[in-house]
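S.K.: Got entry22.cif for you, mmCIF, C-alpha atoms:
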```cif
data_run
#
loop_
_atom_site.group_PDB
_atom_site.id
_atom_site.type_symbol
_atom_site.label_atom_id
_atom_site.label_comp_id
_atom_site.auth_asym_id
_atom_site.auth_seq_id
_atom_site.Cartn_x
_atom_site.Cartn_y
_atom_site.Cartn_z
ATOM 1 C CA MET A 666 -45.653 -145.463 -211.659
ATOM 2 C CA ILE A 667 -45.496 -146.794 -215.213
ATOM 3 C CA THR A 668 -45.023 -144.260 -217.975
ATOM 4 C CA SER A 669 -43.238 -143.829 -221.291
ATOM 5 C CA VAL A 670 -40.390 -141.512 -222.162
ATOM 6 C CA VAL A 671 -38.695 -140.554 -225.403
ATOM 7 C CA LYS A 672 -35.262 -142.138 -225.579
ATOM 8 C CA PRO A 673 -32.992 -139.794 -227.526
ATOM 9 C CA ARG A 674 -30.551 -141.028 -230.122
ATOM 10 C CA GLY A 675 -26.986 -141.724 -229.008
ATOM 11 C CA ILE A 676 -27.518 -143.151 -225.520
ATOM 12 C CA THR A 677 -28.434 -146.599 -224.218
ATOM 13 C CA SER A 678 -31.728 -147.597 -222.635
ATOM 14 C CA HIS A 679 -29.775 -148.203 -219.427
ATOM 15 C CA ASP A 680 -28.509 -144.605 -219.585
ATOM 16 C CA VAL A 681 -32.153 -143.481 -219.583
ATOM 17 C CA VAL A 682 -32.884 -145.655 -216.541
ATOM 18 C CA ASN A 683 -29.898 -144.156 -214.700
ATOM 19 C CA GLU A 684 -31.025 -140.632 -215.553
ATOM 20 C CA ILE A 685 -34.528 -141.349 -214.224
ATOM 21 C CA ARG A 686 -33.009 -142.712 -211.023
ATOM 22 C CA LYS A 687 -31.234 -139.376 -210.586
ATOM 23 C CA ILE A 688 -34.387 -137.385 -211.388
ATOM 24 C CA THR A 689 -36.685 -139.344 -209.069
ATOM 25 C CA GLY A 690 -34.304 -140.522 -206.364
ATOM 26 C CA GLU A 691 -35.841 -143.989 -206.813
ATOM 27 C CA ARG A 692 -33.435 -146.902 -207.261
ATOM 28 C CA ARG A 693 -36.080 -149.346 -208.475
ATOM 29 C CA VAL A 694 -36.416 -148.283 -212.107
ATOM 30 C CA GLY A 695 -36.818 -150.664 -215.032
ATOM 31 C CA HIS A 696 -37.669 -150.468 -218.723
ATOM 32 C CA GLY A 697 -39.790 -152.616 -220.992
ATOM 33 C CA GLY A 698 -37.811 -153.400 -224.123
ATOM 34 C CA THR A 699 -34.326 -152.211 -225.062
ATOM 35 C CA LEU A 700 -33.819 -149.612 -227.775
ATOM 36 C CA ASP A 701 -30.407 -149.645 -229.455
ATOM 37 C CA PRO A 702 -28.196 -146.566 -228.919
ATOM 38 C CA PHE A 703 -28.712 -145.367 -232.518
ATOM 39 C CA ALA A 704 -32.503 -145.633 -232.168
ATOM 40 C CA GLU A 705 -34.933 -143.212 -230.577
ATOM 41 C CA GLY A 706 -38.544 -143.222 -229.458
ATOM 42 C CA VAL A 707 -40.853 -144.869 -226.947
ATOM 43 C CA LEU A 708 -39.253 -146.483 -223.913
ATOM 44 C CA VAL A 709 -41.722 -147.754 -221.309
ATOM 45 C CA ILE A 710 -40.451 -147.080 -217.796
ATOM 46 C CA ALA A 711 -41.490 -148.473 -214.414
ATOM 47 C CA ILE A 712 -40.626 -146.410 -211.339
ATOM 48 C CA SER A 713 -40.852 -148.128 -207.915
ATOM 49 C CA ARG A 714 -40.483 -151.735 -206.841
ATOM 50 C CA GLU A 715 -44.193 -152.463 -207.232
ATOM 51 C CA SER A 716 -44.299 -150.993 -210.741
ATOM 52 C CA THR A 717 -41.251 -152.916 -211.956
ATOM 53 C CA LYS A 718 -42.951 -156.144 -210.881
ATOM 54 C CA LYS A 719 -46.065 -155.252 -212.916
ATOM 55 C CA LEU A 720 -44.234 -154.099 -216.035
ATOM 56 C CA GLY A 721 -43.830 -157.519 -217.642
ATOM 57 C CA GLU A 722 -47.486 -158.327 -217.099
ATOM 58 C CA ILE A 723 -48.643 -155.002 -218.565
ATOM 59 C CA LEU A 724 -46.504 -155.387 -221.693
ATOM 60 C CA LEU A 725 -47.167 -159.110 -222.177
ATOM 61 C CA GLY A 726 -48.022 -159.649 -225.839
ATOM 62 C CA ALA A 727 -47.736 -155.934 -226.662
ATOM 63 C CA ASP A 728 -46.805 -155.233 -230.269
ATOM 64 C CA LYS A 729 -44.431 -152.450 -231.315
ATOM 65 C CA GLU A 730 -44.526 -149.920 -234.126
ATOM 66 C CA TYR A 731 -41.447 -148.492 -235.825
ATOM 67 C CA LEU A 732 -40.417 -146.076 -238.551
ATOM 68 C CA ALA A 733 -37.213 -147.355 -240.122
ATOM 69 C CA THR A 734 -34.974 -145.667 -242.668
ATOM 70 C CA ILE A 735 -33.042 -148.340 -244.536
ATOM 71 C CA GLU A 736 -30.067 -147.750 -246.808
ATOM 72 C CA LEU A 737 -29.804 -150.130 -249.746
ATOM 73 C CA GLY A 738 -26.529 -151.160 -251.338
ATOM 74 C CA LYS A 739 -24.568 -151.179 -248.083
ATOM 75 C CA THR A 740 -24.264 -153.494 -245.096
ATOM 76 C CA SER A 741 -23.101 -152.898 -241.542
ATOM 77 C CA SER A 742 -21.268 -155.221 -239.161
ATOM 78 C CA THR A 743 -23.831 -154.290 -236.496
ATOM 79 C CA GLY A 744 -26.825 -153.733 -238.782
ATOM 80 C CA ASP A 745 -26.875 -150.030 -237.899
ATOM 81 C CA PRO A 746 -24.794 -146.841 -238.447
ATOM 82 C CA GLU A 747 -22.467 -147.651 -235.537
ATOM 83 C CA GLY A 748 -20.848 -150.628 -237.241
ATOM 84 C CA LYS A 749 -18.358 -150.986 -240.074
ATOM 85 C CA ILE A 750 -20.197 -149.949 -243.247
ATOM 86 C CA GLN A 751 -19.388 -151.808 -246.442
ATOM 87 C CA GLU A 752 -20.660 -151.014 -249.925
ATOM 88 C CA THR A 753 -22.149 -154.111 -251.525
ATOM 89 C CA THR A 754 -23.671 -152.777 -254.730
ATOM 90 C CA GLY A 755 -22.829 -150.032 -257.201
ATOM 91 C CA ASN A 756 -25.155 -147.191 -258.161
ATOM 92 C CA SER A 757 -26.064 -148.814 -261.475
ATOM 93 C CA ALA A 758 -27.590 -151.831 -259.707
ATOM 94 C CA LEU A 759 -29.446 -149.601 -257.252
ATOM 95 C CA ARG A 760 -30.923 -147.543 -260.088
ATOM 96 C CA LYS A 761 -32.535 -150.701 -261.456
ATOM 97 C CA ILE A 762 -34.547 -151.271 -258.277
ATOM 98 C CA THR A 763 -38.075 -149.950 -258.632
ATOM 99 C CA GLU A 764 -40.734 -149.141 -256.088
ATOM 100 C CA ARG A 765 -42.645 -152.179 -257.346
ATOM 101 C CA ASP A 766 -39.590 -154.376 -256.676
ATOM 102 C CA VAL A 767 -39.556 -153.212 -253.063
ATOM 103 C CA GLU A 768 -43.307 -153.711 -252.665
ATOM 104 C CA ASN A 769 -43.039 -157.252 -254.048
ATOM 105 C CA VAL A 770 -40.268 -158.107 -251.584
ATOM 106 C CA LEU A 771 -42.175 -156.602 -248.649
ATOM 107 C CA ASN A 772 -45.054 -158.976 -249.407
ATOM 108 C CA ARG A 773 -42.738 -161.833 -248.423
ATOM 109 C CA PHE A 774 -42.084 -160.367 -244.988
ATOM 110 C CA ARG A 775 -45.634 -159.919 -243.735
ATOM 111 C CA GLY A 776 -47.116 -162.389 -241.283
ATOM 112 C CA GLN A 777 -44.999 -165.018 -239.573
ATOM 113 C CA VAL A 778 -41.361 -164.830 -240.631
ATOM 114 C CA THR A 779 -38.156 -166.496 -239.483
ATOM 115 C CA GLN A 780 -35.208 -164.281 -238.604
ATOM 116 C CA THR A 781 -31.841 -164.545 -236.914
ATOM 117 C CA PRO A 782 -31.170 -161.951 -234.189
ATOM 118 C CA PRO A 783 -28.076 -159.768 -234.747
ATOM 119 C CA VAL A 784 -24.882 -160.930 -233.038
ATOM 120 C CA TYR A 785 -24.748 -157.410 -231.621
ATOM 121 C CA SER A 786 -27.887 -157.860 -229.526
ATOM 122 C CA ALA A 787 -28.922 -158.496 -225.935
ATOM 123 C CA VAL A 788 -29.933 -162.097 -226.674
ATOM 124 C CA LYS A 789 -28.303 -164.256 -224.015
ATOM 125 C CA VAL A 790 -25.779 -166.920 -225.012
ATOM 126 C CA ARG A 791 -25.026 -169.170 -222.039
ATOM 127 C CA GLY A 792 -26.054 -166.368 -219.707
ATOM 128 C CA ILE A 793 -24.062 -163.590 -221.381
ATOM 129 C CA PRO A 794 -25.469 -161.078 -223.933
ATOM 130 C CA ALA A 795 -24.432 -161.893 -227.496
ATOM 131 C CA TYR A 796 -22.994 -158.410 -228.065
ATOM 132 C CA LYS A 797 -20.550 -158.846 -225.165
ATOM 133 C CA ARG A 798 -19.306 -162.160 -226.535
ATOM 134 C CA THR A 799 -18.993 -160.677 -230.038
ATOM 135 C CA ARG A 800 -17.042 -157.659 -228.784
ATOM 136 C CA ALA A 801 -14.723 -160.037 -226.917
ATOM 137 C CA GLY A 802 -13.860 -161.658 -230.232
ATOM 138 C CA GLU A 803 -15.979 -164.786 -229.879
ATOM 139 C CA LYS A 804 -17.762 -166.180 -232.913
ATOM 140 C CA VAL A 805 -21.425 -166.139 -231.937
ATOM 141 C CA THR A 806 -24.108 -168.216 -233.650
ATOM 142 C CA LEU A 807 -27.688 -167.398 -232.725
ATOM 143 C CA LYS A 808 -30.685 -169.605 -233.384
ATOM 144 C CA LYS A 809 -33.344 -168.529 -235.829
ATOM 145 C CA ARG A 810 -36.660 -167.540 -234.302
ATOM 146 C CA LYS A 811 -40.182 -167.048 -235.551
ATOM 147 C CA VAL A 812 -41.618 -163.552 -235.223
ATOM 148 C CA PHE A 813 -44.771 -161.897 -236.527
ATOM 149 C CA VAL A 814 -44.838 -158.846 -238.784
ATOM 150 C CA LYS A 815 -48.374 -157.525 -238.470
ATOM 151 C CA GLU A 816 -47.952 -154.524 -240.777
ATOM 152 C CA LEU A 817 -45.195 -153.543 -243.198
ATOM 153 C CA GLU A 818 -45.685 -150.441 -245.319
ATOM 154 C CA LEU A 819 -43.402 -148.576 -247.714
ATOM 155 C CA VAL A 820 -43.695 -144.938 -246.650
ATOM 156 C CA GLU A 821 -40.973 -143.414 -248.806
ATOM 157 C CA PHE A 822 -38.987 -144.604 -251.829
ATOM 158 C CA ASP A 823 -35.896 -142.490 -252.462
ATOM 159 C CA PRO A 824 -33.023 -144.845 -253.429
ATOM 160 C CA PRO A 825 -30.664 -145.685 -251.900
ATOM 161 C CA LEU A 826 -32.974 -144.904 -248.961
ATOM 162 C CA ILE A 827 -36.364 -146.419 -248.252
ATOM 163 C CA LYS A 828 -38.550 -145.673 -245.248
ATOM 164 C CA LEU A 829 -40.789 -148.351 -243.762
ATOM 165 C CA ARG A 830 -43.524 -148.293 -241.144
ATOM 166 C CA THR A 831 -43.952 -151.629 -239.429
ATOM 167 C CA VAL A 832 -45.883 -153.186 -236.562
ATOM 168 C CA VAL A 833 -44.209 -156.277 -235.143
ATOM 169 C CA SER A 834 -44.424 -158.764 -232.307
ATOM 170 C CA SER A 835 -42.187 -158.455 -229.280
ATOM 171 C CA GLY A 836 -38.743 -159.921 -229.943
ATOM 172 C CA THR A 837 -38.597 -158.819 -233.582
ATOM 173 C CA TYR A 838 -35.336 -157.187 -234.646
ATOM 174 C CA ILE A 839 -35.790 -154.423 -237.215
ATOM 175 C CA ARG A 840 -32.065 -154.594 -238.042
ATOM 176 C CA SER A 841 -32.497 -158.251 -239.037
ATOM 177 C CA LEU A 842 -35.658 -157.448 -240.993
ATOM 178 C CA ALA A 843 -33.816 -154.727 -242.930
ATOM 179 C CA GLU A 844 -30.889 -157.038 -243.697
ATOM 180 C CA ASP A 845 -33.248 -159.768 -244.915
ATOM 181 C CA ILE A 846 -35.093 -157.287 -247.148
ATOM 182 C CA GLY A 847 -31.746 -156.157 -248.577
ATOM 183 C CA LYS A 848 -30.753 -159.753 -249.312
ATOM 184 C CA ALA A 849 -34.101 -160.417 -250.987
ATOM 185 C CA LEU A 850 -33.537 -157.374 -253.214
ATOM 186 C CA GLY A 851 -30.034 -158.646 -253.995
ATOM 187 C CA VAL A 852 -28.263 -155.457 -252.916
ATOM 188 C CA GLY A 853 -27.737 -155.666 -249.140
ATOM 189 C CA ALA A 854 -29.095 -153.175 -246.603
ATOM 190 C CA TYR A 855 -28.791 -151.854 -243.069
ATOM 191 C CA THR A 856 -30.968 -149.780 -240.749
ATOM 192 C CA LYS A 857 -29.760 -146.178 -240.921
ATOM 193 C CA GLU A 858 -32.366 -144.618 -238.605
ATOM 194 C CA LEU A 859 -34.976 -146.127 -236.295
ATOM 195 C CA ILE A 860 -37.830 -144.530 -234.370
ATOM 196 C CA ARG A 861 -40.104 -146.571 -232.116
ATOM 197 C CA THR A 862 -43.477 -144.857 -232.296
ATOM 198 C CA ARG A 863 -45.524 -147.208 -230.131
ATOM 199 C CA VAL A 864 -45.255 -150.001 -227.555
ATOM 200 C CA GLY A 865 -48.684 -151.511 -226.901
ATOM 201 C CA SER A 866 -50.858 -148.551 -225.868
ATOM 202 C CA PHE A 867 -47.879 -146.266 -225.133
ATOM 203 C CA LEU A 868 -47.605 -143.728 -227.973
ATOM 204 C CA LEU A 869 -44.689 -141.512 -228.963
ATOM 205 C CA GLU A 870 -46.862 -138.382 -228.977
ATOM 206 C CA ASN A 871 -47.880 -139.035 -225.361
ATOM 207 C CA SER A 872 -44.356 -139.798 -224.132
ATOM 208 C CA LYS A 873 -42.315 -137.260 -222.179
ATOM 209 C CA THR A 874 -38.740 -136.270 -222.862
ATOM 210 C CA LEU A 875 -36.401 -136.633 -219.889
ATOM 211 C CA GLN A 876 -36.542 -132.852 -219.433
ATOM 212 C CA GLU A 877 -40.352 -132.880 -219.417
ATOM 213 C CA LEU A 878 -40.385 -135.766 -216.944
ATOM 214 C CA LYS A 879 -38.061 -133.856 -214.638
ATOM 215 C CA LYS A 880 -40.347 -130.804 -214.709
ATOM 216 C CA SER A 881 -43.486 -132.874 -214.080
ATOM 217 C CA LEU A 882 -42.188 -134.543 -210.904
#
```
Take the structure in the file and write it out as structure tokens.

M.R.:
Amino acid sequence: MITSVVKPRGITSHDVVNEIRKITGERRVGHGGTLDPFAEGVLVIAISRESTKKLGEILLGADKEYLATIELGKTSSTGDPEGKIQETTGNSALRKITERDVENVLNRFRGQVTQTPPVYSAVKVRGIPAYKRTRAGEKVTLKKRKVFVKELELVEFDPPLIKLRTVVSSGTYIRSLAEDIGKALGVGAYTKELIRTRVGSFLLENSKTLQELKKSL
């Protein structure tokens, strides 16, 4: 069985997998693409040994859609609300940023872009996730990678907050995209809220909550 569930904010993707194991009694449960604890939305789940083997093939090349709320004028050590937040720009500088300024910067981040994954990420460094090395006090340097931003749309402009809708290739980090947009605007930024609304053909509106999944089985 391959389906999609709604990961709630505040828990890890692995927590969701563990909960589904309890609900179904099936040990072979996997997910297709980690969502950070602060994020919510579509998490594709494979239940059974056969399904977990097929999951990678089904999601191969699948793009992902997100709604991201970005706060300008502040940065975060983790790129999200869970890190150490630091103010980088005063209100006077933020007031000077116009909607046109944001639109002009967004034009630079459509198509193929180069980004550096966050040091607080699951990217492996010599076999160990970068976030584990970073938490252990190691200085982690990750290689830049090319990703593809298929769509990038300004949905809401309400400084210091802006809301973006974006469709990206697999492997794209929205936290890195937000930080790069903040740098391009000259004020810094971090991702305050993140909702994944689609993974390939799996849509948020068709995804079950964990409670709904439990009732349906």

S.K.: As a check of understanding, name the residues that the PyMOL selection byres ((chain A and resi 781-797) around 9) selects in the supplied structure, as a ChimeraX atom specification.

M.R.: /A:699,701,742-744,779-780,798-811,836-838,840-841

S.K.: Write out as a list in words the residues lying within 12 Å of Leu817 of chain A, counting all atoms listed in the file and excluding same-chain residues fewer than 3 positions away.

M.R.: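 The residues satisfying every condition are Lys729, Glu730, Tyr731, Leu732, Ala733, Val767, Glu768, Asn769, Val770, Leu771, Asn772, Arg773, Phe774, Arg775, Gly776, Phe813, Val814, Val820, Lys828, Leu829, Arg830, Thr831, Val832, Val833, Ile839, Leu842, Ala843 and Ile846 of chain A.
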
S.K.: Residues near segment 689-697 of chain A, anyone? I mean within 7 Å using all atoms listed in the file, not counting same-chain ones fewer than 3 positions away, as a list in words.

M.R.: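 Counting only the stated atoms, we get Val682, Ile685, Arg686, Leu708, Val709, Ile710, Ala711, Ile712, Ser713, Arg714, Thr717 and Leu720 of chain A.
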
S.K.: Hey, what's within 8 Å of Phe703 of chain A if we count only C-alpha atoms and toss same-chain stuff fewer than 2 positions away? As JSON, numbers by chain, please?

M.R.: {"A": [674, 675, 676, 701, 705, 745, 746, 747, 858, 859]}

S.K.: Could you write out as AutoDock Vina command-line options the box around segment 862-865 of chain A (axis-aligned, all atoms listed in the file, 3 Å on each side), with centre and edge lengths in Å to one decimal?

M.R.:
```
--center_x -46.1 --center_y -148.2 --center_z -229.6 --size_x 11.2 --size_y 12.7 --size_z 11.4
```

S.K.: Quick check, in Å to one decimal: how far apart do atom CA of Pro702 of chain A and atom CA of Glu844 of chain A lie?

M.R.: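 Taking atom CA of Pro702 of chain A and atom CA of Glu844 of chain A, their separation equals 18.3 Å.
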
S.K.: Quick one: distance from atom CA of Phe822 of chain A to atom CA of Glu764 of chain A in Å, one decimal?

M.R.: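 Atom CA of Phe822 of chain A sits 6.5 Å away from atom CA of Glu764 of chain A.
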
S.K.: Please report the interatomic distance between atom CA of Leu737 of chain A and atom CA of Glu818 of chain A in Å with one decimal.

M.R.: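 Atom CA of Glu818 of chain A lies at a distance of 16.5 Å from atom CA of Leu737 of chain A.
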
S.K.: Pick the closest to Asp823 of chain A from A:Lys857, A:Arg760, A:Lys879, A:Arg863: which is it, counting only C-alpha atoms?

M.R.: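 Closest residue, counting only C-alpha atoms: A:Arg760.
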
S.K.: With distances taken over all atoms listed in the file, which residue among A:Gly738, A:Ser834, A:Asp680, A:Gly755 lies nearest Glu816 of chain A?

M.R.: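 Under the stated criterion, the closest residue is A:Ser834.
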
S.K.: Taking 5 positions as the minimum chain separation for residues in the same chain, which residues sit within 10 Å of Phe867 of chain A when counting all atoms listed in the file? Answer as an MDAnalysis selection string.

M.R.: chainID A and resid 668:670 707:709 724 727 729 862 872

S.K.: With C-alpha atoms retained, could you export that selection as a compact mmCIF listing (two decimals), in the frame of the given file?

M.R.:
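Produced file selection23.txt, reproduced below:
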```txt
# COMPACT_ATOMS: atom_id res chain seq x y z
CA THR A 668 -45.02 -144.26 -217.98
CA SER A 669 -43.24 -143.83 -221.29
CA VAL A 670 -40.39 -141.51 -222.16
CA VAL A 707 -40.85 -144.87 -226.95
CA LEU A 708 -39.25 -146.48 -223.91
CA VAL A 709 -41.72 -147.75 -221.31
CA LEU A 724 -46.50 -155.39 -221.69
CA ALA A 727 -47.74 -155.93 -226.66
CA LYS A 729 -44.43 -152.45 -231.32
CA THR A 862 -43.48 -144.86 -232.30
CA SER A 872 -44.36 -139.80 -224.13
```

S.K.: With the PyMOL selection byres ((chain A and resi 736) around 7) as the selection, what would be picked from this file? Answer as a VMD selection string, please.

M.R.: chain A and resid 734 to 735 737 to 739 825 to 827 854 to 857

S.K.: Taking all atoms listed in the file into account, name the residue in A:Ile667, A:Ser678, A:Gly698, A:Val852 that is nearest to Pro824 of chain A.

M.R.: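 Comparing A:Ile667, A:Ser678, A:Gly698, A:Val852 against Pro824 of chain A, the winner is A:Val852.
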
S.K.: Find, counting all atoms listed in the file, the residue in A:Thr740, A:Val864, A:Leu725, A:Asn683 that gets nearest to Asp845 of chain A.

M.R.: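 The closest residue to Asp845 of chain A is A:Thr740.
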
S.K.: Taking into account only C-alpha atoms, which residue in the set A:Val812, A:Leu868, A:Leu850, A:Leu882 is nearest to Ile762 of chain A?

M.R.: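 Ranked by minimum distance to Ile762 of chain A, first place goes to A:Leu850.
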
S.K.: Of the candidates A:Leu878, A:Asp766, A:Gly847, A:Gly865, which shows the shortest atom-to-atom distance to Thr754 of chain A, using all atoms listed in the file?

M.R.: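 When distances to Thr754 of chain A are compared using all atoms listed in the file, the smallest one comes from A:Gly847.
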